[in-house]
Amino acid sequence: MSEYLLETRDLAKSYDGGRIQALRGVDLQVASGEFVAIRGPSGSGKSTLLHLLGGLDTPSRGEVFYRGRSLSQHPSLNAYRSRCVGFVFQAFHLLPALTALQNVQVPMCGGNRTRRQRLEKAETLLREVGLEERFQQYPNELSAGERQRVAIARSLANEPEILLADEPTGNLDTDSAATILDLLGGLHSGRSMTLLVVTHDPEVAARAQRQVNFRNGSICA
Amino acid sequence: MFLLQMGFANMLRRPFRAALTACGVALGIGAFVALVGFADAFEEQWRQFYRTKGTDMCVFRGSFMNKASTDESAGAKLRGIPVVADAAPVSFDLVDFTPDVSAVVQGWVDTSFEFESLTLVQGRRFQGDEPAVLLGEILAGSLGKKAGDWVEVQGAPMLIAGVFRAPDTFSASSAVLPLHQLQRLSDLGAKVAGFHVRLRPSSPGVSPEDRLRRAKLAIESQLPGLKAMPAGVVAGDNHIVNFIRSTAWATSLIALFIAVLGVANTMAMSVFERTREIGILRALGWSGPRIVRLILLEASVLGFAGGLLGLAAGRFGLWALASIRATAGLPRVYPSMVHFGEAMCIALAISLAAGFLPAYRGAMFPPTTALRYE
């Protein structure tokens with residue numbers, strides 16, 4: 001068994017027949033419970049790495065390992081995305097036709113929970129992120145900070161070990177960003193979750209245990 | 001259940017488009033209910049036409065639609081066959097009573113057992129070969145005539161001896177003339193379209209099918225060259241019924257095809273607009289088949305709603321047809337639950353068929369491509 005929860009070996013991703021090299025042979029190890037900030041200029045491959053770690057995309061070369069097992073050999077990438085990792089996006093990516101409570105239930109759909117259990121879980125998570133008064137609001141009725149809190153609640157629905165966040169405070173004002181940072185910090189310290197956060201924000205990076213800097217598709221420090 | 005909730009929520013985002021699509025399905029289903037229902041009712045009326053007269057078999061040469069195919073003299077031989085209780089010679093012609101009103105005129109002898117199915121509401125029956133006519137209630141209403149009036153048939157003035165009520169719409173929309181008058185007016189000579197035959201009751205233990213089969217064999221062996229067909233078969237499998245049925249299906253299929261295109265267009269638009277959302281669902285661990293199910297569920301809801309609307313529209317259309325004077329002579333249609341079930345199954349099937357390709361395309365989008373989609 002690997003000592004790392006997540007590991008990449010010689011991970012590369014290219015587009016357009018190899019003309020665009022988004023990642024160039026990245027070796028990265030993340031231990032269980034670690035809080036890692038991934039930094040770098042735009043286009044340096046941070047988000048691509050996050051997508052590959054989350055099983056949203058397949059590498060052109062190299063492999064991603066989860067608990068020592070290559071994702072390419074994982075029996076179901078859908079199950080991996082559903083149960084092992086949670087995603088938080090800069091643009092929130094909530095489903096506009098659903099209420100906050102329904103949005104949080106989406107990842108649980110098709111799982112083992114009953115309707116009642118799904119509902120209770122979603123209510124609990126929304127209370128945890130401070131949205132107990134906003135269950136029935138639609139995304140367009142929520143502020144940006146509230147939307148991101150719904151997105152965080154949604155990412156925790158199936159109690160994943162890993163949270164992958166792509167610029168989670170990028171669209172937020174200072175106060176909302178601070179709230180989100182506190183929430184993420186709480187997840188790390190309170191739940192011992194493994195956090196990988198792509199960010200430009202030095203404040204976010206400062207909260208991480210480790211910073212990984214990217215430039216031109218490679219780790220530079 | 002949650003999928004259904006999501007499906008409804010997605011559709012309600014574009015209520016006008018969803019309503020228009022459901023109306024498209026309703027058009028197809030309405031056409032199906034009205035036309036195929038009409039064809040079925042037409043066949044049923046034809047059966048009733050024979051049933052209420054107590055006709056078990058039709059005997060004719062070649063086709064019963066030929067108004068002068070059979071020698072009238074065959075009637076005597078026919079009545080002599082032991083299984084035959086009675087045989088009534090019949091003929092018919094299509095007659096223009098006025099420039100606007102045409103109707104089938106049936107030629108009967110005055111002793112025909114077919115009179116038993118009619119109820120005279122005015123006047124009397126004709127006697128022998130007198131130049132008189134009986135009008136069905138619907139036809140009399142269309143012509144604005146009553147017993148004692150005169151009407152012209154093929155250029156000959158005829159006394160309206162009586163007006164009758166009939167259990168089937170065909171008869172109520174027709175006229176009955178003495179057979180020999182019709183033969184004279186239509187130049188049929190001594191020919192008739194055929195004979196309506198009543199059979200003697202069967203012996204105990206003989207099934208109705210066996211009774212008809214035995215009678216057919218007996219009649220055809222005694223009268224070579226003539227065909228004896230059970231009345232139910234003639235009613236359900238003849239050129240007119242088949243033509244009406246195939247026309248109804250063809251017209252319905254065109255309407256249903258248009259409905260398929262409507263649903264396919266809506267679902268394709270819906271999937272296109274929600275590409276990013278589908279990417280989000282994939283990122284949250286939804287499998288391709290589950291996304292296909294979600295989109296197909298939305299299509300089914302549209303189909304179901306359209307189907308219900310179509311049933312109501314079709315039913316209303318049939319009611320309207322039966323209520324308008326110009327079409328009141330058409331068979332009244334009361335679609336059965338089986339018919340409704342068929343219509344709903346078709347509505348769901350066309351929605352699923354129309355939604356499948358957009359659903360499949362949506363599910364096949366790579367999540368990262370879908371997430372980047374603006």
# chains A, B, ... in the order shown; residues from 1 in each chain; ligands from 1
>>> residues_around(residues="stretch 137-144 of chain A", least_positions_apart="4", cutoff="8 Å", atoms="only C-alpha atoms", output="PDB file with N, CA, C and O atoms, in the first residue's frame")
ATOM      1  N   LEU A  94     -23.434  25.455  -9.902  1.00  0.00           N
ATOM      2  CA  LEU A  94     -24.666  24.871  -9.344  1.00  0.00           C
ATOM      3  C   LEU A  94     -25.664  24.689 -10.489  1.00  0.00           C
ATOM      4  O   LEU A  94     -25.560  25.367 -11.523  1.00  0.00           O
ATOM      5  N   LEU A  95     -26.606  23.796 -10.301  1.00  0.00           N
ATOM      6  CA  LEU A  95     -27.626  23.591 -11.334  1.00  0.00           C
ATOM      7  C   LEU A  95     -28.746  24.603 -11.108  1.00  0.00           C
ATOM      8  O   LEU A  95     -29.385  24.609 -10.048  1.00  0.00           O
ATOM      9  N   PRO A  96     -28.961  25.500 -12.072  1.00  0.00           N
ATOM     10  CA  PRO A  96     -29.857  26.639 -11.839  1.00  0.00           C
ATOM     11  C   PRO A  96     -31.325  26.274 -11.624  1.00  0.00           C
ATOM     12  O   PRO A  96     -32.061  27.049 -11.025  1.00  0.00           O
ATOM     13  N   ALA A  97     -31.727  25.103 -12.127  1.00  0.00           N
ATOM     14  CA  ALA A  97     -33.153  24.738 -12.005  1.00  0.00           C
ATOM     15  C   ALA A  97     -33.469  24.132 -10.645  1.00  0.00           C
ATOM     16  O   ALA A  97     -34.631  23.880 -10.339  1.00  0.00           O
ATOM     17  N   LEU A  98     -32.425  23.874  -9.846  1.00  0.00           N
ATOM     18  CA  LEU A  98     -32.642  23.200  -8.564  1.00  0.00           C
ATOM     19  C   LEU A  98     -32.397  24.156  -7.402  1.00  0.00           C
ATOM     20  O   LEU A  98     -31.569  25.069  -7.493  1.00  0.00           O
ATOM     21  N   THR A  99     -33.095  23.918  -6.297  1.00  0.00           N
ATOM     22  CA  THR A  99     -32.884  24.724  -5.093  1.00  0.00           C
ATOM     23  C   THR A  99     -31.550  24.323  -4.462  1.00  0.00           C
ATOM     24  O   THR A  99     -30.935  23.320  -4.859  1.00  0.00           O
ATOM     25  N   ALA A 100     -31.153  25.104  -3.456  1.00  0.00           N
ATOM     26  CA  ALA A 100     -29.902  24.793  -2.752  1.00  0.00           C
ATOM     27  C   ALA A 100     -29.969  23.368  -2.195  1.00  0.00           C
ATOM     28  O   ALA A 100     -29.020  22.577  -2.347  1.00  0.00           O
ATOM     29  N   GLN A 148     -21.159  29.647  -3.309  1.00  0.00           N
ATOM     30  CA  GLN A 148     -19.960  28.826  -3.115  1.00  0.00           C
ATOM     31  C   GLN A 148     -20.108  27.935  -1.879  1.00  0.00           C
ATOM     32  O   GLN A 148     -19.599  26.814  -1.855  1.00  0.00           O
ATOM     33  N   ASN A 171     -14.102  34.333  -7.382  1.00  0.00           N
ATOM     34  CA  ASN A 171     -15.242  35.173  -7.776  1.00  0.00           C
ATOM     35  C   ASN A 171     -15.892  35.847  -6.575  1.00  0.00           C
ATOM     36  O   ASN A 171     -17.028  36.299  -6.673  1.00  0.00           O
ATOM     37  N   LEU A 172     -15.184  35.894  -5.453  1.00  0.00           N
ATOM     38  CA  LEU A 172     -15.844  36.366  -4.226  1.00  0.00           C
ATOM     39  C   LEU A 172     -15.228  37.655  -3.706  1.00  0.00           C
ATOM     40  O   LEU A 172     -14.042  37.951  -3.942  1.00  0.00           O
ATOM     41  N   SER A 176     -16.697  37.331   1.805  1.00  0.00           N
ATOM     42  CA  SER A 176     -17.148  35.995   1.419  1.00  0.00           C
ATOM     43  C   SER A 176     -15.956  35.055   1.291  1.00  0.00           C
ATOM     44  O   SER A 176     -16.022  33.876   1.680  1.00  0.00           O
TER      45      SER A 176
END
>>> closest_atom_pairs(of="chain A", to="chain B", cutoff="10 Å", atoms="only C-alpha atoms", output="CSV")
residue,atom,partner,partner_atom,distance
A:Thr48,CA,B:Thr368,CA,9.1
A:His51,CA,B:Thr368,CA,7.3
A:Leu52,CA,B:Thr368,CA,9.6
A:Gly54,CA,B:Ala283,CA,8.1
A:Gly55,CA,B:Ala283,CA,8.3
A:Leu56,CA,B:Pro367,CA,5.8
A:Asp57,CA,B:Thr368,CA,6.4
A:Thr58,CA,B:Pro366,CA,9.9
A:Ser76,CA,B:Ser287,CA,9.3
A:Leu77,CA,B:Gly285,CA,7.7
A:Asn78,CA,B:Gly285,CA,4.4
A:Ala79,CA,B:Gly285,CA,6.0
A:Tyr80,CA,B:Gly285,CA,7.2
A:Arg81,CA,B:Gly285,CA,4.7
A:Ser82,CA,B:Gly285,CA,4.0
A:Arg83,CA,B:Gly285,CA,7.8
A:Cys84,CA,B:Gly285,CA,9.7
A:Val85,CA,B:Leu284,CA,8.7
A:Gly86,CA,B:Leu284,CA,7.4
A:Phe87,CA,B:Leu284,CA,7.4
A:Phe89,CA,B:Ile280,CA,9.8
A:Phe92,CA,B:Ile280,CA,9.9
A:His93,CA,B:Ile280,CA,6.6
A:Leu94,CA,B:Ile280,CA,8.0
A:Leu95,CA,B:Glu277,CA,6.5
A:Pro96,CA,B:Asn10,CA,8.8
A:Ala97,CA,B:Ala9,CA,5.5
A:Leu98,CA,B:Ala9,CA,6.7
A:Thr99,CA,B:Ala9,CA,9.7
A:Gln102,CA,B:Phe2,CA,8.7
A:Asn103,CA,B:Met6,CA,9.9
A:Gln105,CA,B:Phe2,CA,8.7
A:Val106,CA,B:Leu284,CA,7.8
A:Pro107,CA,B:Leu284,CA,5.5
A:Met108,CA,B:Leu284,CA,9.1
A:Cys109,CA,B:Phe2,CA,7.0
A:Gly110,CA,B:Trp286,CA,8.3
A:Arg115,CA,B:Phe2,CA,8.1
A:Arg154,CA,B:Leu284,CA,8.9
A:Ser155,CA,B:Leu284,CA,7.9
A:Ala157,CA,B:Leu284,CA,9.9
A:Asn158,CA,B:Leu284,CA,9.8
>>> write_last_selection(atoms="C-alpha atoms", output="CSV table (one decimal), in the first residue's frame")
chain,number,residue,atom,x,y,z
A,48,THR,CA,-5.5,20.6,-15.8
A,51,HIS,CA,-9.0,17.7,-13.5
A,52,LEU,CA,-6.6,14.8,-14.0
A,54,GLY,CA,-10.2,14.2,-10.1
A,55,GLY,CA,-10.6,11.8,-12.9
A,56,LEU,CA,-12.4,14.3,-15.1
A,57,ASP,CA,-9.8,13.9,-17.9
A,58,THR,CA,-7.3,11.2,-18.9
A,76,SER,CA,-15.3,3.0,-12.1
A,77,LEU,CA,-14.2,6.6,-12.6
A,78,ASN,CA,-17.8,7.7,-11.9
A,79,ALA,CA,-17.6,6.0,-8.5
A,80,TYR,CA,-14.2,7.6,-7.9
A,81,ARG,CA,-15.6,11.1,-8.7
A,82,SER,CA,-18.7,10.4,-6.7
A,83,ARG,CA,-17.3,9.0,-3.5
A,84,CYS,CA,-13.5,9.7,-3.3
A,85,VAL,CA,-13.2,13.3,-4.4
A,86,GLY,CA,-15.3,16.4,-4.1
A,87,PHE,CA,-15.1,19.3,-6.5
A,89,PHE,CA,-15.2,25.3,-8.8
A,92,PHE,CA,-19.7,27.4,-8.5
A,93,HIS,CA,-21.4,25.3,-11.2
A,94,LEU,CA,-24.7,24.9,-9.3
A,95,LEU,CA,-27.6,23.6,-11.3
A,96,PRO,CA,-29.9,26.6,-11.8
A,97,ALA,CA,-33.2,24.7,-12.0
A,98,LEU,CA,-32.6,23.2,-8.6
A,99,THR,CA,-32.9,24.7,-5.1
A,102,GLN,CA,-31.7,19.8,-4.3
A,103,ASN,CA,-28.3,20.9,-5.5
A,105,GLN,CA,-28.6,16.1,-3.1
A,106,VAL,CA,-27.4,15.7,-6.7
A,107,PRO,CA,-24.2,13.7,-5.9
A,108,MET,CA,-26.2,11.4,-3.7
A,109,CYS,CA,-28.6,10.5,-6.5
A,110,GLY,CA,-28.1,6.8,-7.3
A,115,ARG,CA,-34.8,9.8,-0.1
A,154,ARG,CA,-22.5,19.6,-2.3
A,155,SER,CA,-18.9,18.5,-2.6
A,157,ALA,CA,-22.4,15.1,0.2
A,158,ASN,CA,-20.8,11.7,-0.3
>>> select_by_dssp(residues="stretch 16-189 of chain A", states="strand (DSSP E or B)", output="PyMOL selection string")
chain A and resi 20-30+35-39+61-66+69-70+85-88+162-166
>>> residues_around(residues="A:Ala12", least_positions_apart="2", cutoff="10 Å", atoms="only C-alpha atoms", output="PyMOL selection string")
chain A and resi 8-10+14+21-27+45+48-49+52+58-63+217-218
>>> write_last_selection(atoms="N, CA, C and O atoms", output="short mmCIF file (atom, residue, chain, number, x, y, z; two decimals), in the first residue's frame")
data_model
loop_
_atom_site.label_atom_id
_atom_site.label_comp_id
_atom_site.auth_asym_id
_atom_site.auth_seq_id
_atom_site.Cartn_x
_atom_site.Cartn_y
_atom_site.Cartn_z
N THR A 8 1.08 11.42 -8.49
CA THR A 8 1.18 11.43 -9.96
C THR A 8 2.60 11.06 -10.33
O THR A 8 3.56 11.44 -9.64
N ARG A 9 2.73 10.31 -11.42
CA ARG A 9 4.07 9.94 -11.91
C ARG A 9 4.17 10.31 -13.38
O ARG A 9 3.39 9.83 -14.19
N ASP A 10 5.10 11.20 -13.66
CA ASP A 10 5.38 11.62 -15.05
C ASP A 10 4.09 12.03 -15.76
O ASP A 10 3.88 11.69 -16.92
N SER A 14 -1.42 16.84 -23.13
CA SER A 14 -1.26 17.74 -24.29
C SER A 14 -2.57 17.80 -25.05
O SER A 14 -3.41 16.91 -24.96
N GLN A 21 1.19 21.82 -24.75
CA GLN A 21 1.59 20.96 -23.63
C GLN A 21 1.10 21.61 -22.34
O GLN A 21 1.70 22.56 -21.85
N ALA A 22 0.01 21.10 -21.80
CA ALA A 22 -0.54 21.70 -20.57
C ALA A 22 0.22 21.22 -19.34
O ALA A 22 0.47 21.98 -18.41
N LEU A 23 0.58 19.97 -19.33
CA LEU A 23 1.38 19.41 -18.22
C LEU A 23 2.55 18.63 -18.84
O LEU A 23 2.37 17.91 -19.81
N ARG A 24 3.73 18.78 -18.22
CA ARG A 24 4.91 18.14 -18.80
C ARG A 24 5.60 17.26 -17.76
O ARG A 24 6.55 17.68 -17.11
N GLY A 25 5.11 16.10 -17.55
CA GLY A 25 5.77 15.13 -16.67
C GLY A 25 5.80 15.54 -15.21
O GLY A 25 6.87 15.75 -14.63
N VAL A 26 4.64 15.65 -14.59
CA VAL A 26 4.56 16.12 -13.20
C VAL A 26 4.60 14.93 -12.24
O VAL A 26 3.86 13.96 -12.40
N ASP A 27 5.47 15.04 -11.25
CA ASP A 27 5.51 14.05 -10.15
C ASP A 27 5.08 14.77 -8.88
O ASP A 27 5.73 15.72 -8.46
N GLY A 45 -1.08 25.15 -16.04
CA GLY A 45 -1.45 23.73 -15.94
C GLY A 45 -2.07 23.33 -14.62
O GLY A 45 -2.32 22.14 -14.39
N THR A 48 -5.61 21.89 -15.11
CA THR A 48 -5.48 20.60 -15.83
C THR A 48 -5.08 19.51 -14.84
O THR A 48 -5.62 18.40 -14.87
N LEU A 49 -4.14 19.85 -13.95
CA LEU A 49 -3.71 18.87 -12.95
C LEU A 49 -4.90 18.46 -12.07
O LEU A 49 -5.10 17.26 -11.81
N LEU A 52 -7.17 16.12 -13.84
CA LEU A 52 -6.60 14.77 -13.96
C LEU A 52 -6.67 14.05 -12.61
O LEU A 52 -6.98 12.85 -12.55
N THR A 58 -8.32 12.31 -18.91
CA THR A 58 -7.31 11.24 -18.91
C THR A 58 -5.97 11.82 -19.37
O THR A 58 -5.93 12.67 -20.26
N PRO A 59 -4.88 11.37 -18.76
CA PRO A 59 -3.57 11.93 -19.13
C PRO A 59 -3.10 11.44 -20.50
O PRO A 59 -3.51 10.38 -20.96
N SER A 60 -2.25 12.27 -21.13
CA SER A 60 -1.63 11.84 -22.39
C SER A 60 -0.47 10.89 -22.09
O SER A 60 -0.13 10.03 -22.90
N ARG A 61 0.13 11.11 -20.93
CA ARG A 61 1.24 10.24 -20.51
C ARG A 61 1.27 10.21 -18.98
O ARG A 61 0.80 11.14 -18.34
N GLY A 62 1.85 9.16 -18.43
CA GLY A 62 1.95 9.07 -16.97
C GLY A 62 0.64 8.63 -16.35
O GLY A 62 -0.33 8.33 -17.05
N GLU A 63 0.63 8.63 -15.00
CA GLU A 63 -0.56 8.10 -14.33
C GLU A 63 -0.85 8.83 -13.03
O GLU A 63 0.03 9.45 -12.43
N GLY A 217 3.54 24.18 -17.13
CA GLY A 217 3.16 22.77 -17.05
C GLY A 217 4.05 21.92 -16.18
O GLY A 217 3.90 20.69 -16.16
N SER A 218 4.97 22.55 -15.44
CA SER A 218 5.86 21.77 -14.57
C SER A 218 5.89 22.38 -13.18
O SER A 218 5.64 23.58 -13.01
#
>>> select_by_dssp(residues="stretch 3-218 of chain A", states="helix (DSSP H, G or I)", output="count of residues only")
84
